[in-house]
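What follows is a short report on a single structure.
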Amino acid sequence: MTMPLAHLNKPPRRVEAPVSLQQASVLAVEAIASMIAPVTTSLRTLRFGSVSVLLSSDHAWQRLTDDPPLQADLILIDWYVHPTPCDQFVRRLRRMEAPELAETPIICLMANADAETVFAARDAGADAVLARPFSPNQLRDKVLWVLGREVEFVRSESYVGPDRRHFNAEPYRGVERRRSQAGESSAPLE
């Protein structure tokens with residue numbers, strides 16, 4: 001499989017806004033059986049149209065790539081899922097040819113959300129991380145944030161996933177701004 005180096009055109013969003021969660025589906029891949037009930041209950045309170053919960057990353061992969069595939073508008077995945085580790089699962093999903101699958105928003109759930117682990121999830125292509133334990137309100141806020149934002153999807157040799165820049169900064173007007181907008185050299189002003 002060869003990956004183009006340019007951005008793909010983003011397909012139309014399948015979930016238009018938080019009010020359409022009733023038509024949306026979510027797949028939760030949970031490594032710990034005792035966590036299924038709390039996660040499922042929290043997702044059902046959000047009134048998703050469909051909630052599927054699986055205990056294995058390999059079973060999730062099979063269901064997502066079956067014919068017909070399991071349709072998911074959002075994937076919640078435990079960082080400690082097995083047998084395929086979460087970061088490998090996310091990288092593999094992001095590199096799929098089909099944009100409707102590759103660009104599915106992903107939230108990684110993790111108990112030990114230290115900086116190194118959060119960066120690993122981000123670098124794998126996750127849209128967001130939610131640290132355990134979390135409340136239903138925290139889950140709701142994270143889900144609505146991920147589904148409600150418009151974000152470019154980046155495909156390059158070293159990274160495939162959502163654009164990780166989460167801000168809209170004003171153009172820099174300082175001494176070292178680049179001249180490239182005026183067609184001049186991109187060297188810093190002196």
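Labeling convention for the structure tokens: chains A, B, ... as they appear, residues from 1 per chain, ligands from 1 in order of appearance.
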Discussion item. Would you pick out the contacts of Ala126 of chain A at 8 Å or less, using only C-alpha atoms, so that residues sharing its chain but fewer than 6 positions from it are not included, and give the list as a PyMOL selection string?
Written reply: chain A and resi 90+105-108+161-162
Practice prompt. Using DSSP on the backbone, list every residue of segment 27-181 of chain A that comes out as helix (DSSP H, G or I), and give them as a ChimeraX atom specification.
Written response: /A:33-45,57-65,86-94,99-102,115-124,136-148,180-181
Write to file, as a short mmCIF file (atom, residue, chain, number, x, y, z; two decimals), in the first residue's frame, the residues of the selection just made, with C-alpha atoms.
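The resulting file, selection36.cif, is reproduced below:
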```cif
data_model
loop_
_atom_site.label_atom_id
_atom_site.label_comp_id
_atom_site.auth_asym_id
_atom_site.auth_seq_id
_atom_site.Cartn_x
_atom_site.Cartn_y
_atom_site.Cartn_z
CA ALA A 33 -13.98 -6.55 31.45
CA SER A 34 -15.03 -4.74 34.64
CA MET A 35 -14.81 -1.39 32.83
CA ILE A 36 -17.35 -2.35 30.16
CA ALA A 37 -20.40 -1.48 32.26
CA PRO A 38 -19.24 2.02 33.34
CA VAL A 39 -18.09 2.94 29.83
CA THR A 40 -21.25 1.57 28.21
CA THR A 41 -23.49 3.35 30.73
CA SER A 42 -21.66 6.64 30.16
CA LEU A 43 -21.95 6.28 26.38
CA ARG A 44 -25.64 5.38 26.56
CA THR A 45 -26.34 8.51 28.64
CA SER A 57 -8.09 -5.10 19.59
CA ASP A 58 -7.93 -7.97 17.09
CA HIS A 59 -11.70 -8.53 17.37
CA ALA A 60 -12.24 -4.78 16.86
CA TRP A 61 -10.00 -4.82 13.78
CA GLN A 62 -11.89 -7.79 12.36
CA ARG A 63 -15.27 -6.09 12.93
CA LEU A 64 -14.10 -2.79 11.40
CA THR A 65 -12.75 -4.50 8.28
CA CYS A 86 -3.25 0.53 21.10
CA ASP A 87 -0.57 2.61 19.37
CA GLN A 88 -0.09 -0.07 16.69
CA PHE A 89 -3.87 -0.42 16.25
CA VAL A 90 -4.28 3.36 15.77
CA ARG A 91 -1.33 3.62 13.34
CA ARG A 92 -2.68 0.70 11.29
CA LEU A 93 -6.18 2.20 11.22
CA ARG A 94 -4.89 5.64 10.22
CA PRO A 99 -10.94 7.68 4.49
CA GLU A 100 -14.26 6.87 6.20
CA LEU A 101 -12.37 4.32 8.30
CA ALA A 102 -8.93 5.93 8.53
CA ALA A 115 3.41 12.93 29.29
CA GLU A 116 5.30 10.16 27.50
CA THR A 117 2.18 8.01 27.08
CA VAL A 118 0.01 10.95 25.99
CA PHE A 119 2.63 11.93 23.39
CA ALA A 120 2.76 8.31 22.17
CA ALA A 121 -1.02 8.30 21.66
CA ARG A 122 -0.86 11.65 19.88
CA ASP A 123 2.01 10.51 17.67
CA ALA A 124 0.12 7.33 16.76
CA PRO A 136 -19.59 10.78 32.64
CA ASN A 137 -19.38 14.57 32.25
CA GLN A 138 -15.68 14.41 31.38
CA LEU A 139 -16.40 11.71 28.81
CA ARG A 140 -19.26 13.78 27.37
CA ASP A 141 -17.07 16.89 27.12
CA LYS A 142 -14.26 14.99 25.39
CA VAL A 143 -16.63 13.24 22.95
CA LEU A 144 -18.40 16.49 22.04
CA TRP A 145 -15.07 18.28 21.61
CA VAL A 146 -13.66 15.57 19.32
CA LEU A 147 -16.83 15.22 17.23
CA GLY A 148 -17.54 18.94 17.10
CA SER A 180 7.23 34.20 2.29
CA GLN A 181 3.73 35.72 2.10
#
```
Worksheet entry | Top pick for closest residue to Ser52 of chain A, considering A:Leu74, A:Leu130, A:Met96, A:Val26 and counting only C-alpha atoms |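 Between A:Leu74, A:Leu130, A:Met96, A:Val26, the residue approaching Ser52 of chain A most closely is A:Val26.
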Worksheet item: What is the atom CA of Asp78 of chain A to atom CA of Gln23 of chain A distance in Å?
Response: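 Interatomic distance here is 23.8 Å.
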Worksheet entry | Backbone DSSP call of strand (DSSP E or B) for segment 16-139 of chain A, listed as a PyMOL selection string | chain A and resi 25-29+50-54+74-78+106-110+128-131
Discussion item. One decimal, in Å: what's the spacing between atom CA of Glu103 of chain A and atom CA of Leu46 of chain A?
Written reply: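 If I compute the distance from atom CA of Glu103 of chain A to atom CA of Leu46 of chain A, I get 21.8 Å.
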